[in-house]
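Colleague: You'll find structure-v7.cif just under this line, and it carries mmCIF, C-alpha atoms and all ligand atoms; chains and numbers go by the auth columns.
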```
data_coords
loop_
_atom_site.group_PDB
_atom_site.id
_atom_site.type_symbol
_atom_site.label_atom_id
_atom_site.label_comp_id
_atom_site.label_asym_id
_atom_site.label_seq_id
_atom_site.Cartn_x
_atom_site.Cartn_y
_atom_site.Cartn_z
_atom_site.B_iso_or_equiv
_atom_site.auth_seq_id
_atom_site.auth_asym_id
ATOM 1 C CA MET A 1 0.000 0.000 0.000 0.00 1 A
ATOM 2 C CA ALA A 2 1.138 3.540 -0.715 0.00 2 A
ATOM 3 C CA ASP A 3 2.670 5.609 2.058 0.00 3 A
ATOM 4 C CA ASP A 4 0.482 8.675 1.696 0.00 4 A
ATOM 5 C CA PRO A 5 -3.140 8.289 2.834 0.00 5 A
ATOM 6 C CA PHE A 6 -4.693 9.888 -0.269 0.00 6 A
ATOM 7 C CA THR A 7 -2.941 7.446 -2.642 0.00 7 A
ATOM 8 C CA ALA A 8 -3.638 4.503 -0.329 0.00 8 A
ATOM 9 C CA CYS A 9 -7.323 5.427 -0.304 0.00 9 A
ATOM 10 C CA ALA A 10 -7.352 5.663 -4.119 0.00 10 A
ATOM 11 C CA GLU A 11 -5.763 2.210 -4.338 0.00 11 A
ATOM 12 C CA GLN A 12 -8.495 0.801 -2.104 0.00 12 A
ATOM 13 C CA LEU A 13 -11.163 2.588 -4.116 0.00 13 A
ATOM 14 C CA ALA A 14 -9.766 0.982 -7.285 0.00 14 A
ATOM 15 C CA ALA A 15 -10.939 -2.386 -5.909 0.00 15 A
ATOM 16 C CA THR A 16 -14.485 -1.297 -6.812 0.00 16 A
ATOM 17 C CA PRO A 17 -14.337 -0.111 -10.439 0.00 17 A
ATOM 18 C CA LYS A 18 -18.106 0.395 -10.575 0.00 18 A
ATOM 19 C CA LEU A 19 -17.907 2.931 -7.735 0.00 19 A
ATOM 20 C CA VAL A 20 -14.967 4.693 -9.410 0.00 20 A
ATOM 21 C CA ARG A 21 -17.020 5.062 -12.607 0.00 21 A
ATOM 22 C CA GLN A 22 -20.040 6.310 -10.649 0.00 22 A
ATOM 23 C CA LEU A 23 -17.986 8.947 -8.822 0.00 23 A
ATOM 24 C CA LEU A 24 -16.468 10.147 -12.100 0.00 24 A
ATOM 25 C CA GLU A 25 -19.963 10.418 -13.610 0.00 25 A
ATOM 26 C CA ASP A 26 -21.434 12.237 -10.600 0.00 26 A
ATOM 27 C CA HIS A 27 -18.614 14.688 -9.855 0.00 27 A
ATOM 28 C CA THR A 28 -18.699 16.688 -13.075 0.00 28 A
ATOM 29 C CA PRO A 29 -18.402 20.478 -13.404 0.00 29 A
ATOM 30 C CA THR A 30 -21.274 22.913 -13.819 0.00 30 A
ATOM 31 C CA SER A 31 -20.973 25.606 -16.491 0.00 31 A
ATOM 32 C CA ASP A 32 -19.547 27.972 -13.869 0.00 32 A
ATOM 33 C CA GLY A 33 -16.885 25.587 -12.561 0.00 33 A
ATOM 34 C CA TRP A 34 -18.503 24.046 -9.468 0.00 34 A
ATOM 35 C CA CYS A 35 -18.878 20.328 -8.793 0.00 35 A
ATOM 36 C CA ARG A 36 -22.518 19.340 -9.259 0.00 36 A
ATOM 37 C CA ALA A 37 -22.507 16.383 -6.810 0.00 37 A
ATOM 38 C CA HIS A 38 -22.591 18.271 -3.499 0.00 38 A
ATOM 39 C CA ASP A 39 -25.834 19.128 -1.749 0.00 39 A
ATOM 40 C CA GLY A 40 -25.755 21.817 0.898 0.00 40 A
ATOM 41 C CA HIS A 41 -22.256 23.128 0.202 0.00 41 A
ATOM 42 C CA ALA A 42 -20.327 24.271 -2.845 0.00 42 A
ATOM 43 C CA GLU A 43 -17.020 22.783 -4.004 0.00 43 A
ATOM 44 C CA ARG A 44 -14.929 23.837 -6.953 0.00 44 A
ATOM 45 C CA HIS A 45 -14.380 21.286 -9.688 0.00 45 A
ATOM 46 C CA PRO A 46 -12.376 19.114 -9.461 0.00 46 A
ATOM 47 C CA CYS A 47 -13.378 18.481 -5.848 0.00 47 A
ATOM 48 C CA SER A 48 -11.400 16.185 -3.537 0.00 48 A
ATOM 49 C CA ILE A 49 -13.708 13.226 -4.324 0.00 49 A
ATOM 50 C CA ARG A 50 -13.249 13.748 -8.061 0.00 50 A
ATOM 51 C CA ARG A 51 -9.455 13.881 -7.640 0.00 51 A
ATOM 52 C CA LEU A 52 -9.560 10.705 -5.559 0.00 52 A
ATOM 53 C CA ALA A 53 -11.691 8.943 -8.202 0.00 53 A
ATOM 54 C CA GLU A 54 -9.324 10.099 -10.969 0.00 54 A
ATOM 55 C CA LEU A 55 -6.339 8.723 -9.046 0.00 55 A
ATOM 56 C CA ALA A 56 -8.206 5.442 -8.496 0.00 56 A
ATOM 57 C CA HIS A 57 -9.008 5.340 -12.220 0.00 57 A
ATOM 58 C CA THR A 58 -5.323 5.835 -13.050 0.00 58 A
ATOM 59 C CA HIS A 59 -4.451 3.063 -10.604 0.00 59 A
ATOM 60 C CA LEU A 60 -7.074 0.778 -12.180 0.00 60 A
ATOM 61 C CA ALA A 61 -5.642 1.423 -15.645 0.00 61 A
ATOM 62 C CA ALA A 62 -2.161 0.528 -14.365 0.00 62 A
ATOM 63 C CA LEU A 63 -3.528 -2.697 -12.852 0.00 63 A
ATOM 64 C CA GLU A 64 -5.235 -3.607 -16.119 0.00 64 A
ATOM 65 C CA ARG A 65 -2.071 -2.924 -18.120 0.00 65 A
ATOM 66 C CA ALA A 66 -0.125 -5.068 -15.651 0.00 66 A
ATOM 67 C CA ARG A 67 -2.616 -7.920 -16.012 0.00 67 A
ATOM 68 C CA GLY A 68 -2.375 -7.599 -19.797 0.00 68 A
ATOM 69 C CA ARG A 69 1.382 -8.064 -19.594 0.00 69 A
ATOM 70 C CA GLY A 70 1.189 -10.828 -17.014 0.00 70 A
ATOM 71 C CA VAL A 71 3.075 -8.695 -14.487 0.00 71 A
ATOM 72 C CA ALA A 72 2.157 -8.892 -10.824 0.00 72 A
ATOM 73 C CA PRO A 73 -0.048 -5.829 -10.144 0.00 73 A
ATOM 74 C CA ARG A 74 1.849 -4.761 -7.004 0.00 74 A
ATOM 75 C CA ALA A 75 5.138 -4.723 -8.880 0.00 75 A
ATOM 76 C CA ALA A 76 3.615 -2.694 -11.696 0.00 76 A
ATOM 77 C CA VAL A 77 2.411 0.137 -9.472 0.00 77 A
ATOM 78 C CA ALA A 78 5.233 0.135 -6.926 0.00 78 A
ATOM 79 C CA ARG A 79 7.127 3.404 -6.687 0.00 79 A
HETATM 80 ZN ZN ZN B . -17.527 16.639 -6.195 0.00 101 A
#
```
In structure tokens, what does this structure look like?
Ligand SMILES: [Zn+2]
Modeller:
Amino acid sequence: MADDPFTACAEQLAATPKLVRQLLEDHTPTSDGWCRAHDGHAERHPCSIRRLAELAHTHLAALERARGRGVAPRAAVAR
């Protein structure tokens, strides 16, 4: 697991690709640059959830490339 909590959380989130896709679909910008997924408070796009989902998506893509090459996923994403 990654040392920094944000990356570690993204790696865990990548275990549920359906949720990653849903977050990316929900946390999109309005025409004036706010994230449309937050009720009761405003957050600029990209919000922290969107950035987390994007990092998870990047991690997922790395895992899929690793599987395609037959490389152990942990080795492929190790830093
Ligand atoms: Zn958001």
Colleague: If the PyMOL selection byres (((not hetatm)) within 7 of (chain A and resi 101)) were run on this exact file, what residues would it hold? Put them as number ranges by chain.
Modeller: A: 27-28, 35-38, 43, 45-50
Colleague: Since I can't run it myself right now, could you work out what the PyMOL selection byres (((chain A and resi 58-64) around 7) and not hetatm) selects here and report it as a PyMOL selection string?
Modeller: chain A and resi 11+14+54-57+65-68+73+77
Colleague: Would you write out those residues with C-alpha atoms, as a PDB file, in the coordinates of the input?
Modeller:
```pdb
ATOM      1  CA  GLU A  11      -5.763   2.210  -4.338  1.00  0.00           C
ATOM      2  CA  ALA A  14      -9.766   0.982  -7.285  1.00  0.00           C
ATOM      3  CA  GLU A  54      -9.324  10.099 -10.969  1.00  0.00           C
ATOM      4  CA  LEU A  55      -6.339   8.723  -9.046  1.00  0.00           C
ATOM      5  CA  ALA A  56      -8.206   5.442  -8.496  1.00  0.00           C
ATOM      6  CA  HIS A  57      -9.008   5.340 -12.220  1.00  0.00           C
ATOM      7  CA  ARG A  65      -2.071  -2.924 -18.120  1.00  0.00           C
ATOM      8  CA  ALA A  66      -0.125  -5.068 -15.651  1.00  0.00           C
ATOM      9  CA  ARG A  67      -2.616  -7.920 -16.012  1.00  0.00           C
ATOM     10  CA  GLY A  68      -2.375  -7.599 -19.797  1.00  0.00           C
ATOM     11  CA  PRO A  73      -0.048  -5.829 -10.144  1.00  0.00           C
ATOM     12  CA  VAL A  77       2.411   0.137  -9.472  1.00  0.00           C
TER      13      VAL A  77
END
```
Colleague: Mind pulling up the distance from atom CA of Leu52 of chain A to atom CA of Gly40 of chain A?
Modeller: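 Taking atom CA of Gly40 of chain A as the start and atom CA of Leu52 of chain A as the end point, the length is 20.7 Å.
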Colleague: What's the separation between atom CA of Lys18 of chain A and atom CA of Asp39 of chain A, in Å to one decimal place?
Modeller: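 Computed distance, atom CA of Lys18 of chain A to atom CA of Asp39 of chain A, equals 22.1 Å.
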Colleague: Would you mind telling me which residue in A:Arg69, A:Pro5, A:Arg44, A:Ala53 lies nearest to Leu23 of chain A when using all atoms listed in the file?
Modeller: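 So, comparing all the options, the nearest one is A:Ala53.
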Colleague: One decimal, Å: what's the distance from atom CA of Ala42 of chain A over to atom CA of Gln22 of chain A, could you say?
Modeller: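 Between atom CA of Ala42 of chain A and atom CA of Gln22 of chain A the gap is 19.6 Å.
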Colleague: Do a neighbour search on Gln12 of chain A at 9 Å with only C-alpha atoms, toss out local chain neighbours closer than 4 positions, and write the hits as number ranges by chain.
Modeller: A: 1, 7-8, 16, 56
